[in-house]
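Text of the file start_9.pdb, holding PDB, C-alpha atoms and all ligand atoms:
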```pdb
ATOM      1  CA  MET A 254      85.344  85.928  77.702
ATOM      2  CA  ASP A 255      82.790  86.933  75.177
ATOM      3  CA  PHE A 256      80.003  89.098  76.312
ATOM      4  CA  GLN A 257      78.014  91.880  74.820
ATOM      5  CA  TRP A 258      76.382  94.619  76.755
ATOM      6  CA  TYR A 259      72.732  94.865  75.940
ATOM      7  CA  PRO A 260      70.586  97.239  77.949
ATOM      8  CA  GLY A 261      68.200  94.332  78.611
ATOM      9  CA  HIS A 262      70.943  92.257  80.263
ATOM     10  CA  MET A 263      72.029  95.154  82.401
ATOM     11  CA  THR A 264      68.536  95.960  83.627
ATOM     12  CA  LYS A 265      67.860  92.329  84.427
ATOM     13  CA  ALA A 266      71.151  91.868  86.281
ATOM     14  CA  LYS A 267      70.611  95.028  88.287
ATOM     15  CA  ARG A 268      67.089  94.024  89.248
ATOM     16  CA  GLN A 269      68.381  90.608  90.308
ATOM     17  CA  MET A 270      70.997  92.236  92.463
ATOM     18  CA  GLN A 271      68.481  94.548  94.085
ATOM     19  CA  GLU A 272      66.545  91.433  95.092
ATOM     20  CA  ASP A 273      69.551  89.401  96.237
ATOM     21  CA  ILE A 274      71.040  92.202  98.244
ATOM     22  CA  LYS A 275      68.050  92.187 100.579
ATOM     23  CA  LEU A 276      69.110  88.729 101.751
ATOM     24  CA  ILE A 277      72.644  89.532 102.728
ATOM     25  CA  ASP A 278      74.779  91.229 105.371
ATOM     26  CA  LEU A 279      77.964  91.727 103.401
ATOM     27  CA  VAL A 280      78.825  92.726  99.841
ATOM     28  CA  ILE A 281      82.180  91.321  98.724
ATOM     29  CA  GLU A 282      83.011  93.520  95.772
ATOM     30  CA  LEU A 283      85.743  92.460  93.369
ATOM     31  CA  VAL A 284      87.596  95.124  91.437
ATOM     32  CA  ASP A 285      90.538  94.741  89.068
ATOM     33  CA  ALA A 286      93.652  95.875  90.935
ATOM     34  CA  ARG A 287      95.086  97.322  87.707
ATOM     35  CA  ILE A 288      92.143  99.747  87.461
ATOM     36  CA  PRO A 289      90.403  99.778  90.839
ATOM     37  CA  LEU A 290      88.145 102.741  90.074
ATOM     38  CA  SER A 291      87.415 102.181  86.405
ATOM     39  CA  SER A 292      86.414  98.586  87.137
ATOM     40  CA  ARG A 293      83.777  99.626  89.684
ATOM     41  CA  ASN A 294      80.202 100.440  88.956
ATOM     42  CA  PRO A 295      79.202 103.380  91.142
ATOM     43  CA  ASP A 296      75.691 101.893  91.551
ATOM     44  CA  ILE A 297      77.178  99.412  94.006
ATOM     45  CA  ASP A 298      77.441 102.125  96.645
ATOM     46  CA  GLU A 299      73.735 102.836  96.398
ATOM     47  CA  LEU A 300      72.839  99.135  96.204
ATOM     48  CA  GLY A 301      75.125  98.222  99.076
ATOM     49  CA  LYS A 302      74.350 101.017 101.496
ATOM     50  CA  HIS A 303      73.466  99.768 104.979
ATOM     51  CA  LYS A 304      75.497  96.615 104.244
ATOM     52  CA  SER A 305      78.981  95.715 105.393
ATOM     53  CA  ARG A 306      81.441  96.243 102.567
ATOM     54  CA  LEU A 307      84.592  94.409 101.602
ATOM     55  CA  ILE A 308      86.571  95.287  98.482
ATOM     56  CA  LEU A 309      88.887  92.682  97.001
ATOM     57  CA  LEU A 310      91.619  94.108  94.793
ATOM     58  CA  ASN A 311      91.700  91.065  92.573
ATOM     59  CA  LYS A 312      94.368  90.149  90.002
ATOM     60  CA  ALA A 313      96.773  91.865  92.389
ATOM     61  CA  ASP A 314      99.412  89.520  90.950
ATOM     62  CA  LEU A 315      99.210  91.468  87.673
ATOM     63  CA  ALA A 316      99.204  94.907  89.298
ATOM     64  CA  ASP A 317     102.024  97.030  90.658
ATOM     65  CA  ALA A 318     102.744  95.906  94.241
ATOM     66  CA  GLU A 319     103.373  99.432  95.478
ATOM     67  CA  LYS A 320     100.160 100.723  93.868
ATOM     68  CA  ASN A 321      98.236  97.829  95.415
ATOM     69  CA  ARG A 322      99.206  99.126  98.827
ATOM     70  CA  ILE A 323      98.223 102.681  97.895
ATOM     71  CA  TRP A 324      94.827 101.532  96.606
ATOM     72  CA  LYS A 325      94.196  99.405  99.641
ATOM     73  CA  ALA A 326      94.877 102.388 101.895
ATOM     74  CA  TYR A 327      92.645 104.527  99.683
ATOM     75  CA  PHE A 328      89.648 102.230 100.094
ATOM     76  CA  CYS A 329      90.256 101.756 103.817
ATOM     77  CA  GLU A 330      90.278 105.513 104.232
ATOM     78  CA  LYS A 331      86.895 105.658 102.509
ATOM     79  CA  GLY A 332      85.511 103.273 105.116
ATOM     80  CA  TYR A 333      85.630  99.974 103.216
ATOM     81  CA  PHE A 334      87.534  96.916 104.253
ATOM     82  CA  ALA A 335      89.999  96.072 101.504
ATOM     83  CA  VAL A 336      92.270  93.130 100.706
ATOM     84  CA  GLU A 337      94.673  92.385  97.837
ATOM     85  CA  LEU A 338      93.971  89.094  96.134
ATOM     86  CA  ASP A 339      94.997  86.615  93.475
ATOM     87  CA  ALA A 340      91.730  84.692  93.303
ATOM     88  CA  ARG A 341      93.362  81.714  91.600
ATOM     89  CA  ASN A 342      95.584  81.209  94.593
ATOM     90  CA  ARG A 343      94.311  79.899  97.908
ATOM     91  CA  THR A 344      97.031  81.547  99.952
ATOM     92  CA  GLY A 345      95.158  84.827 100.477
ATOM     93  CA  MET A 346      92.080  83.118 101.853
ATOM     94  CA  LYS A 347      92.962  83.326 105.524
ATOM     95  CA  THR A 348      93.290  87.088 105.232
ATOM     96  CA  ILE A 349      89.895  87.235 103.563
ATOM     97  CA  GLN A 350      88.241  85.175 106.248
ATOM     98  CA  HIS A 351      89.650  87.588 108.796
ATOM     99  CA  ALA A 352      88.491  90.617 106.753
ATOM    100  CA  ILE A 353      84.970  89.162 106.435
ATOM    101  CA  LEU A 354      84.676  88.747 110.187
ATOM    102  CA  GLU A 355      86.119  92.212 110.827
ATOM    103  CA  SER A 356      83.846  93.899 108.297
ATOM    104  CA  CYS A 357      80.788  92.395 109.997
ATOM    105  CA  ARG A 358      81.952  92.811 113.572
ATOM    106  CA  GLU A 359      79.404  95.536 114.389
ATOM    107  CA  LYS A 360      76.556  93.418 113.099
ATOM    108  CA  THR A 361      77.758  90.329 114.945
ATOM    109  CA  GLU A 362      77.961  92.299 118.169
ATOM    110  CA  ARG A 363      74.513  93.786 117.636
ATOM    111  CA  ASP A 364      73.184  90.240 117.115
ATOM    112  CA  ARG A 365      74.890  89.050 120.271
ATOM    113  CA  ARG A 366      73.331  91.836 122.347
ATOM    114  CA  ARG A 367      69.951  90.715 121.033
ATOM    115  CA  GLY A 368      70.691  87.174 122.057
ATOM    116  CA  ILE A 369      71.290  85.900 118.508
ATOM    117  CA  LYS A 370      74.372  83.732 118.578
ATOM    118  CA  ASN A 371      76.296  81.930 115.866
ATOM    119  CA  ARG A 372      74.202  83.150 112.959
ATOM    120  CA  PRO A 373      76.498  82.925 109.945
ATOM    121  CA  ILE A 374      77.274  86.069 107.984
ATOM    122  CA  ARG A 375      75.425  86.029 104.675
ATOM    123  CA  ALA A 376      77.591  87.368 101.889
ATOM    124  CA  MET A 377      77.380  87.919  98.171
ATOM    125  CA  VAL A 378      80.082  88.472  95.604
ATOM    126  CA  ALA A 379      79.642  91.289  93.096
ATOM    127  CA  GLY A 380      81.602  92.948  90.334
ATOM    128  CA  ILE A 381      81.840  93.697  86.634
ATOM    129  CA  PRO A 382      82.227  90.840  84.134
ATOM    130  CA  ASN A 383      85.615  89.108  83.981
ATOM    131  CA  VAL A 384      86.890  90.572  87.241
ATOM    132  CA  GLY A 385      87.250  87.073  88.741
ATOM    133  CA  LYS A 386      83.971  86.485  90.609
ATOM    134  CA  SER A 387      83.562  82.825  89.622
ATOM    135  CA  THR A 388      87.236  82.100  90.177
ATOM    136  CA  PHE A 389      86.999  83.606  93.648
ATOM    137  CA  ILE A 390      83.881  81.646  94.568
ATOM    138  CA  ASN A 391      85.439  78.403  93.304
ATOM    139  CA  THR A 392      88.754  78.941  95.037
ATOM    140  CA  TYR A 393      87.307  80.262  98.252
ATOM    141  CA  ALA A 394      84.493  77.773  98.524
ATOM    142  CA  GLY A 395      86.684  74.946  97.238
ATOM    143  CA  ARG A 396      85.474  71.416  97.681
ATOM    144  CA  ALA A 397      85.086  71.642 101.401
ATOM    145  CA  CYS A 398      81.867  73.580 101.248
ATOM    146  CA  THR A 399      78.371  72.224 101.099
ATOM    147  CA  LYS A 400      75.435  73.752  99.362
ATOM    148  CA  THR A 401      72.931  74.534 102.039
ATOM    149  CA  GLY A 402      69.965  74.706  99.700
ATOM    150  CA  ASN A 403      66.999  76.951 100.130
ATOM    151  CA  LYS A 404      66.582  78.647 103.426
ATOM    152  CA  PRO A 405      63.176  78.963 104.948
ATOM    153  CA  GLY A 406      61.748  82.409 104.546
ATOM    154  CA  VAL A 407      63.939  83.509 101.674
ATOM    155  CA  THR A 408      63.262  83.560  97.953
ATOM    156  CA  LYS A 409      62.940  80.094  96.542
ATOM    157  CA  GLY A 410      65.689  78.882  94.279
ATOM    158  CA  LYS A 411      68.552  80.684  96.004
ATOM    159  CA  GLN A 412      71.545  78.482  96.603
ATOM    160  CA  TRP A 413      73.802  79.210  99.513
ATOM    161  CA  ILE A 414      77.255  77.823  99.968
ATOM    162  CA  ARG A 415      78.257  77.193 103.551
ATOM    163  CA  LEU A 416      81.888  78.263 103.605
ATOM    164  CA  ASN A 417      82.405  77.535 107.269
ATOM    165  CA  GLN A 418      80.503  77.974 110.473
ATOM    166  CA  ASN A 419      80.772  81.744 110.164
ATOM    167  CA  VAL A 420      79.957  82.474 106.530
ATOM    168  CA  ASP A 421      77.258  81.599 104.004
ATOM    169  CA  LEU A 422      77.830  82.769 100.455
ATOM    170  CA  LEU A 423      75.174  83.245  97.800
ATOM    171  CA  ASP A 424      76.382  81.012  94.991
ATOM    172  CA  THR A 425      75.447  83.356  92.128
ATOM    173  CA  PRO A 426      77.500  86.524  91.972
ATOM    174  CA  GLY A 427      75.954  89.916  91.304
ATOM    175  CA  ILE A 428      76.968  91.213  87.916
ATOM    176  CA  LEU A 429      77.409  94.907  87.509
ATOM    177  CA  TRP A 430      78.331  96.630  84.303
ATOM    178  CA  PRO A 431      81.141  99.118  84.122
ATOM    179  CA  LYS A 432      80.258 102.710  83.320
ATOM    180  CA  PHE A 433      82.332 104.385  80.712
ATOM    181  CA  ASP A 434      80.981 107.793  79.927
ATOM    182  CA  ASP A 435      84.570 108.896  80.436
ATOM    183  CA  PRO A 436      86.661 107.786  77.419
ATOM    184  CA  ASP A 437      89.687 107.127  79.657
ATOM    185  CA  VAL A 438      87.652 104.653  81.701
ATOM    186  CA  GLY A 439      86.593 102.904  78.479
ATOM    187  CA  MET A 440      90.205 102.780  77.356
ATOM    188  CA  ARG A 441      91.387 101.214  80.618
ATOM    189  CA  LEU A 442      88.621  98.628  80.546
ATOM    190  CA  ALA A 443      89.580  97.788  76.976
ATOM    191  CA  LEU A 444      93.238  97.439  77.954
ATOM    192  CA  ILE A 445      92.551  94.882  80.675
ATOM    193  CA  GLY A 446      90.426  92.908  78.208
ATOM    194  CA  SER A 447      86.979  93.733  79.551
ATOM    195  CA  MET A 448      85.509  94.389  76.140
ATOM    196  CA  ASN A 449      85.229  92.443  72.937
ATOM    197  CA  ASP A 450      88.434  93.077  71.069
ATOM    198  CA  HIS A 451      86.744  92.946  67.703
ATOM    199  CA  LEU A 452      84.876  96.114  68.665
ATOM    200  CA  LEU A 453      88.104  97.892  69.482
ATOM    201  CA  ASN A 454      90.703  99.754  67.524
ATOM    202  CA  THR A 455      93.672  97.816  68.854
ATOM    203  CA  ASP A 456      96.195 100.001  67.000
ATOM    204  CA  GLU A 457      94.990 103.081  68.823
ATOM    205  CA  LEU A 458      94.717 101.200  72.093
ATOM    206  CA  SER A 459      98.323 100.014  71.868
ATOM    207  CA  LEU A 460      99.498 103.585  71.263
ATOM    208  CA  GLU A 461      97.666 104.728  74.404
ATOM    209  CA  LEU A 462      99.299 101.892  76.338
ATOM    210  CA  ILE A 463     102.753 102.728  74.986
ATOM    211  CA  GLN A 464     102.259 106.397  75.881
ATOM    212  CA  TYR A 465     101.214 105.452  79.419
ATOM    213  CA  LEU A 466     104.081 103.017  79.898
ATOM    214  CA  THR A 467     106.766 105.441  78.736
ATOM    215  CA  GLU A 468     105.410 108.016  81.206
ATOM    216  CA  HIS A 469     104.753 105.792  84.222
ATOM    217  CA  TYR A 470     106.982 102.765  83.711
ATOM    218  CA  PRO A 471     109.969 104.109  81.775
ATOM    219  CA  GLY A 472     112.354 101.417  80.613
ATOM    220  CA  ILE A 473     109.836  98.591  80.529
ATOM    221  CA  LEU A 474     109.380  98.693  76.745
ATOM    222  CA  SER A 475     113.051  99.086  75.964
ATOM    223  CA  ALA A 476     113.897  96.177  78.266
ATOM    224  CA  ARG A 477     111.348  93.844  76.686
ATOM    225  CA  TYR A 478     111.488  94.877  73.019
ATOM    226  CA  GLY A 479     114.884  96.539  72.651
ATOM    227  CA  VAL A 480     113.321  99.790  71.442
ATOM    228  CA  ASP A 481     114.495 103.303  72.144
ATOM    229  CA  GLU A 482     111.963 105.113  74.351
ATOM    230  CA  ASN A 483     113.768 108.421  74.637
ATOM    231  CA  ASN A 484     112.152 111.264  72.736
ATOM    232  CA  GLU A 485     110.293 108.757  70.593
ATOM    233  CA  LYS A 486     106.605 109.111  69.779
ATOM    234  CA  PRO A 487     104.386 106.109  70.616
ATOM    235  CA  VAL A 488     103.965 105.372  66.924
ATOM    236  CA  ASP A 489     107.745 105.192  66.465
ATOM    237  CA  ILE A 490     108.032 102.861  69.441
ATOM    238  CA  LEU A 491     105.320 100.614  67.958
ATOM    239  CA  ASN A 492     107.269 100.700  64.728
ATOM    240  CA  GLY A 493     110.384  99.566  66.606
ATOM    241  CA  ILE A 494     108.465  96.755  68.320
ATOM    242  CA  ALA A 495     107.148  95.540  64.955
ATOM    243  CA  ARG A 496     110.674  95.549  63.568
ATOM    244  CA  ASN A 497     112.351  93.874  66.542
ATOM    245  CA  ARG A 498     109.647  91.256  66.931
ATOM    246  CA  ASN A 499     109.579  90.447  63.249
ATOM    247  CA  CYS A 500     105.979  91.492  62.688
ATOM    248  CA  ILE A 501     106.095  91.506  58.895
ATOM    249  CA  ARG A 502     103.350  91.390  56.273
ATOM    250  CA  THR A 503     103.590  90.015  52.773
ATOM    251  CA  GLY A 504     105.508  92.520  50.712
ATOM    252  CA  ASN A 505     108.038  92.844  53.544
ATOM    253  CA  GLU A 506     106.157  95.705  55.219
ATOM    254  CA  LEU A 507     105.981  96.107  58.976
ATOM    255  CA  ASP A 508     102.742  94.768  60.453
ATOM    256  CA  TYR A 509     101.730  97.369  63.061
ATOM    257  CA  GLY A 510      98.452  95.606  63.732
ATOM    258  CA  LYS A 511     100.272  92.475  64.813
ATOM    259  CA  ALA A 512     102.712  94.437  66.980
ATOM    260  CA  ALA A 513      99.791  96.300  68.591
ATOM    261  CA  VAL A 514      98.052  93.054  69.530
ATOM    262  CA  LEU A 515     101.356  91.672  70.835
ATOM    263  CA  VAL A 516     101.957  94.584  73.221
ATOM    264  CA  ILE A 517      98.377  94.564  74.521
ATOM    265  CA  ASP A 518      98.476  90.808  75.023
ATOM    266  CA  GLU A 519     101.800  90.914  76.850
ATOM    267  CA  PHE A 520     100.422  93.627  79.116
ATOM    268  CA  ARG A 521      97.254  91.636  79.880
ATOM    269  CA  THR A 522      99.083  88.439  80.699
ATOM    270  CA  GLY A 523     101.638  90.179  82.900
ATOM    271  CA  ARG A 524     104.592  89.414  80.644
ATOM    272  CA  LEU A 525     105.355  93.144  80.511
ATOM    273  CA  GLY A 526     105.553  93.170  84.290
ATOM    274  CA  ARG A 527     103.202  94.203  87.072
ATOM    275  CA  ILE A 528     101.478  97.335  85.890
ATOM    276  CA  THR A 529      98.685  99.483  87.312
ATOM    277  CA  LEU A 530      96.894 101.859  84.978
ATOM    278  CA  GLU A 531      95.456 104.332  87.470
ATOM    279  CA  THR A 532      96.354 105.904  90.793
ATOM    280  CA  PRO A 533      94.027 107.436  93.380
TER     281      PRO A 533
HETATM  282  P1  LIG A 601      83.896  86.606  86.317
HETATM  283  O1  LIG A 601      83.252  85.432  86.987
HETATM  284  O2  LIG A 601      83.950  87.806  87.191
HETATM  285  O3  LIG A 601      83.328  86.942  84.968
HETATM  286  O4  LIG A 601      85.446  86.245  86.062
HETATM  287  P2  LIG A 601      86.165  84.797  86.029
HETATM  288  O5  LIG A 601      86.191  84.211  87.380
HETATM  289  O6  LIG A 601      85.544  84.003  84.926
HETATM  290  O7  LIG A 601      87.649  85.200  85.646
HETATM  291  C1  LIG A 601      87.979  85.815  84.413
HETATM  292  C2  LIG A 601      89.432  85.518  84.059
HETATM  293  O8  LIG A 601      90.300  86.115  85.023
HETATM  294  C3  LIG A 601      89.795  84.036  84.065
HETATM  295  O9  LIG A 601      90.788  83.855  83.046
HETATM  296  C4  LIG A 601      90.442  83.830  85.398
HETATM  297  O10 LIG A 601      91.342  82.737  85.431
HETATM  298  C5  LIG A 601      91.202  85.118  85.546
HETATM  299  N1  LIG A 601      91.470  85.480  86.934
HETATM  300  C6  LIG A 601      90.598  85.506  87.977
HETATM  301  N2  LIG A 601      91.201  85.930  89.090
HETATM  302  C7  LIG A 601      92.497  86.171  88.784
HETATM  303  C8  LIG A 601      93.627  86.664  89.533
HETATM  304  O11 LIG A 601      93.560  86.997  90.723
HETATM  305  N3  LIG A 601      94.789  86.796  88.841
HETATM  306  C9  LIG A 601      94.906  86.505  87.520
HETATM  307  N4  LIG A 601      96.093  86.680  86.941
HETATM  308  N5  LIG A 601      93.860  86.045  86.792
HETATM  309  C10 LIG A 601      92.676  85.888  87.410
HETATM  310  P3  LIG A 601      90.460  83.302  81.618
HETATM  311  O12 LIG A 601      91.677  83.484  80.811
HETATM  312  O13 LIG A 601      89.176  83.912  81.126
HETATM  313  O14 LIG A 601      90.158  81.808  81.890
HETATM  314  P4  LIG A 601      91.198  80.663  82.282
HETATM  315  O15 LIG A 601      92.330  80.783  81.328
HETATM  316  O16 LIG A 601      91.621  80.880  83.697
HETATM  317  O17 LIG A 601      90.394  79.436  82.115
END
```

Kindly return the structure encoded in the file as structure tokens.
Amino acid sequence: MDFQWYPGHMTKAKRQMQEDIKLIDLVIELVDARIPLSSRNPDIDELGKHKSRLILLNKADLADAEKNRIWKAYFCEKGYFAVELDARNRTGMKTIQHAILESCREKTERDRRRGIKNRPIRAMVAGIPNVGKSTFINTYAGRACTKTGNKPGVTKGKQWIRLNQNVDLLDTPGILWPKFDDPDVGMRLALIGSMNDHLLNTDELSLELIQYLTEHYPGILSARYGVDENNEKPVDILNGIARNRNCIRTGNELDYGKAAVLVIDEFRTGRLGRITLETP
């Protein structure tokens, strides 16, 4: 992943989505299950009003299983349909198919009363960069689908993927940009790898992560790195990780920078365990 956020890109993507959304019945919004709120762009609620809404808590395999359930209940309570997902894995797809049909049930019934039968649900996938939109489309659509080409009466150039007799999916996802006026939101997005690392202070980021883990997942760092967590400051724990993982610079000094990158990387890839960074 290597993207930069330029205001021009954002405006263009938003305008595109405003156009595309007119063509669809259902917005399938992907969020990162490790930060389900921070990885949403609040504009989606305005853009997607009057549409059926399905939230996929993606990368659920990397997030805390218990928290996944809490987040799912949270979104359901707010009136969305919500499903946990590992988009790289086809096993969740049956559940999604069911959720798509459920989320559009009112519309389907309205159609039926008007005598419109068997019109497929038109859906689009949306979410912030790197949340798994392309992976989801590829896995869900798989090889079985056929591109249905342009539909009469809709904007030229739109490609639809016929998923099955019930669902057509717009093949280009809607890209939304995260909002991070709140520094904590920015920090969480940085931790899951949603920003260019070379723009980040990884030392500071790792200290924030260590602080969070000692508070919310006590024992995880000591189990993985053999460090003492009790009454230790994050910087001392990082020190211990550098020592125990042999992060050494020339001159035999501890290399904190290397240890910082190591901890962040092991969090991102799930080697530290299944961790969620925010709760409702
Ligand atoms: P985007 O279209 O929304 O920008 O995201 P994309 O599908 O490109 O996915 C971004 C990264 O997230 C990819 O990893 C992808 O494999 C990974 N990913 C997507 N869904 C899941 C999921 O449910 N669980 C986990 N653990 N990972 C997921 P990458 O490292 O950028 O690429 P690659 O190594 O897979 O090639």

Item to check | Within 7 Å of stretch 311-326 of chain A using all atoms listed in the file, minus same-chain residues under 2 positions, as a ChimeraX atom specification | outcome: /A:283-287,309,328-330,335-340,523,527-529,533

C-alpha atoms of the current selection, written as a PDB file, keeping the file's coordinate frame:
```pdb
ATOM      1  CA  LEU A 283      85.743  92.460  93.369  1.00  0.00           C
ATOM      2  CA  VAL A 284      87.596  95.124  91.437  1.00  0.00           C
ATOM      3  CA  ASP A 285      90.538  94.741  89.068  1.00  0.00           C
ATOM      4  CA  ALA A 286      93.652  95.875  90.935  1.00  0.00           C
ATOM      5  CA  ARG A 287      95.086  97.322  87.707  1.00  0.00           C
ATOM      6  CA  LEU A 309      88.887  92.682  97.001  1.00  0.00           C
ATOM      7  CA  PHE A 328      89.648 102.230 100.094  1.00  0.00           C
ATOM      8  CA  CYS A 329      90.256 101.756 103.817  1.00  0.00           C
ATOM      9  CA  GLU A 330      90.278 105.513 104.232  1.00  0.00           C
ATOM     10  CA  ALA A 335      89.999  96.072 101.504  1.00  0.00           C
ATOM     11  CA  VAL A 336      92.270  93.130 100.706  1.00  0.00           C
ATOM     12  CA  GLU A 337      94.673  92.385  97.837  1.00  0.00           C
ATOM     13  CA  LEU A 338      93.971  89.094  96.134  1.00  0.00           C
ATOM     14  CA  ASP A 339      94.997  86.615  93.475  1.00  0.00           C
ATOM     15  CA  ALA A 340      91.730  84.692  93.303  1.00  0.00           C
ATOM     16  CA  GLY A 523     101.638  90.179  82.900  1.00  0.00           C
ATOM     17  CA  ARG A 527     103.202  94.203  87.072  1.00  0.00           C
ATOM     18  CA  ILE A 528     101.478  97.335  85.890  1.00  0.00           C
ATOM     19  CA  THR A 529      98.685  99.483  87.312  1.00  0.00           C
ATOM     20  CA  PRO A 533      94.027 107.436  93.380  1.00  0.00           C
TER      21      PRO A 533
END
```

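Take the PyMOL selection byres (((chain A and resi 478-491) around 8) and not hetatm) and apply it to this file: it picks Leu460, Glu461, Ile463, Gln464, Thr467, Pro471, Gly472, Leu474, Ser475, Ala476, Arg477, Asn492, Gly493, Ile494, Ala495, Asn497, Arg498, Tyr509, Ala512 and Ala513 of chain A.
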
Print the selection's residues with C-alpha atoms to a file, as a compact mmCIF listing (two decimals), in the coordinates of the input.
```
# COMPACT_ATOMS: atom_id res chain seq x y z
CA LEU A 460 99.50 103.58 71.26
CA GLU A 461 97.67 104.73 74.40
CA ILE A 463 102.75 102.73 74.99
CA GLN A 464 102.26 106.40 75.88
CA THR A 467 106.77 105.44 78.74
CA PRO A 471 109.97 104.11 81.78
CA GLY A 472 112.35 101.42 80.61
CA LEU A 474 109.38 98.69 76.74
CA SER A 475 113.05 99.09 75.96
CA ALA A 476 113.90 96.18 78.27
CA ARG A 477 111.35 93.84 76.69
CA ASN A 492 107.27 100.70 64.73
CA GLY A 493 110.38 99.57 66.61
CA ILE A 494 108.46 96.76 68.32
CA ALA A 495 107.15 95.54 64.96
CA ASN A 497 112.35 93.87 66.54
CA ARG A 498 109.65 91.26 66.93
CA TYR A 509 101.73 97.37 63.06
CA ALA A 512 102.71 94.44 66.98
CA ALA A 513 99.79 96.30 68.59
```

Checklist entry - Which of these, A:Thr388, A:Ser292, A:Gln412, A:Asn449, has the shortest distance to ligand LIG 601 (chain A) once you count only C-alpha atoms and all ligand atoms? => result A:Thr388

Next on the checklist: I'd like the contact shell of A:Asn454 - 10 Å cut-off, only C-alpha atoms, skipping same-chain residues fewer than 4 positions apart - returned as a PyMOL selection string.
Outcome noted: chain A and resi 443+450+458-459+510+513

Draw an axis-aligned box over all listed atoms of stretch 495-509 of chain A, pad each side with 5 Å, and write its centre and edge lengths in Å, one decimal, as AutoDock Vina command-line options.
```
--center_x 107.0 --center_y 93.7 --center_z 58.8 --size_x 20.6 --size_y 17.4 --size_z 26.2
```

Next on the checklist: Would you compute the distance between atom CA of A:Glu355 and atom CA of A:Arg372? Give it in Å to one decimal.
Outcome noted: 15.1 Å

Checklist entry - How many Å separate atom CA of A:Ser356 from atom CA of A:Ile414? => result 19.3 Å

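Considering the residues A:Glu282, A:Glu468, A:Glu531, A:Glu362 and counting only C-alpha atoms, A:Ile308 has its shortest atom-to-atom contact with A:Glu282.
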
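You will find atom CA of A:Lys331 at 10.9 Å from atom CA of A:Arg306.
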
Item to check | Given only C-alpha atoms and all ligand atoms as the counted atoms, nearest of A:Asn499, A:Ser447, A:Gln271, A:Thr455 to ligand LIG 601 (chain A) | outcome: A:Ser447

Picked residues, the PyMOL selection byres (((chain A and resi 421) around 9) and not hetatm), as a CSV table (one decimal) with C-alpha atoms, in the coordinates of the input:
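For reference, out_36.csv as written:
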```
chain,number,residue,atom,x,y,z
A,373,PRO,CA,76.5,82.9,109.9
A,374,ILE,CA,77.3,86.1,108.0
A,375,ARG,CA,75.4,86.0,104.7
A,376,ALA,CA,77.6,87.4,101.9
A,377,MET,CA,77.4,87.9,98.2
A,401,THR,CA,72.9,74.5,102.0
A,413,TRP,CA,73.8,79.2,99.5
A,414,ILE,CA,77.3,77.8,100.0
A,415,ARG,CA,78.3,77.2,103.6
A,416,LEU,CA,81.9,78.3,103.6
A,417,ASN,CA,82.4,77.5,107.3
A,418,GLN,CA,80.5,78.0,110.5
A,419,ASN,CA,80.8,81.7,110.2
A,420,VAL,CA,80.0,82.5,106.5
A,422,LEU,CA,77.8,82.8,100.5
A,423,LEU,CA,75.2,83.2,97.8
```

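Among the candidate residues A:Thr532, A:Ser387, A:Thr425, A:Thr392, the one lying nearest to ligand LIG 601 (chain A) is A:Ser387, with distances computed using all atoms listed in the file.
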
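Compared by their closest atoms to A:Cys357, and using all atoms listed in the file, the residues A:Leu525, A:Ile428, A:Leu279, A:Ile445 rank with A:Leu279 nearest.
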
Checklist outcome for this item: Closest of A:Val514, A:Arg358, A:Asp364, A:Gly427 to A:Gly301, counting only C-alpha atoms, is A:Gly427

Checklist entry - Got a sec to resolve the PyMOL selection byres (((chain A and resi 442) around 10) and not hetatm) on this structure and send the residues as a PyMOL selection string? => result chain A and resi 285+287-288+291-292+431-433+436-441+443-448+530
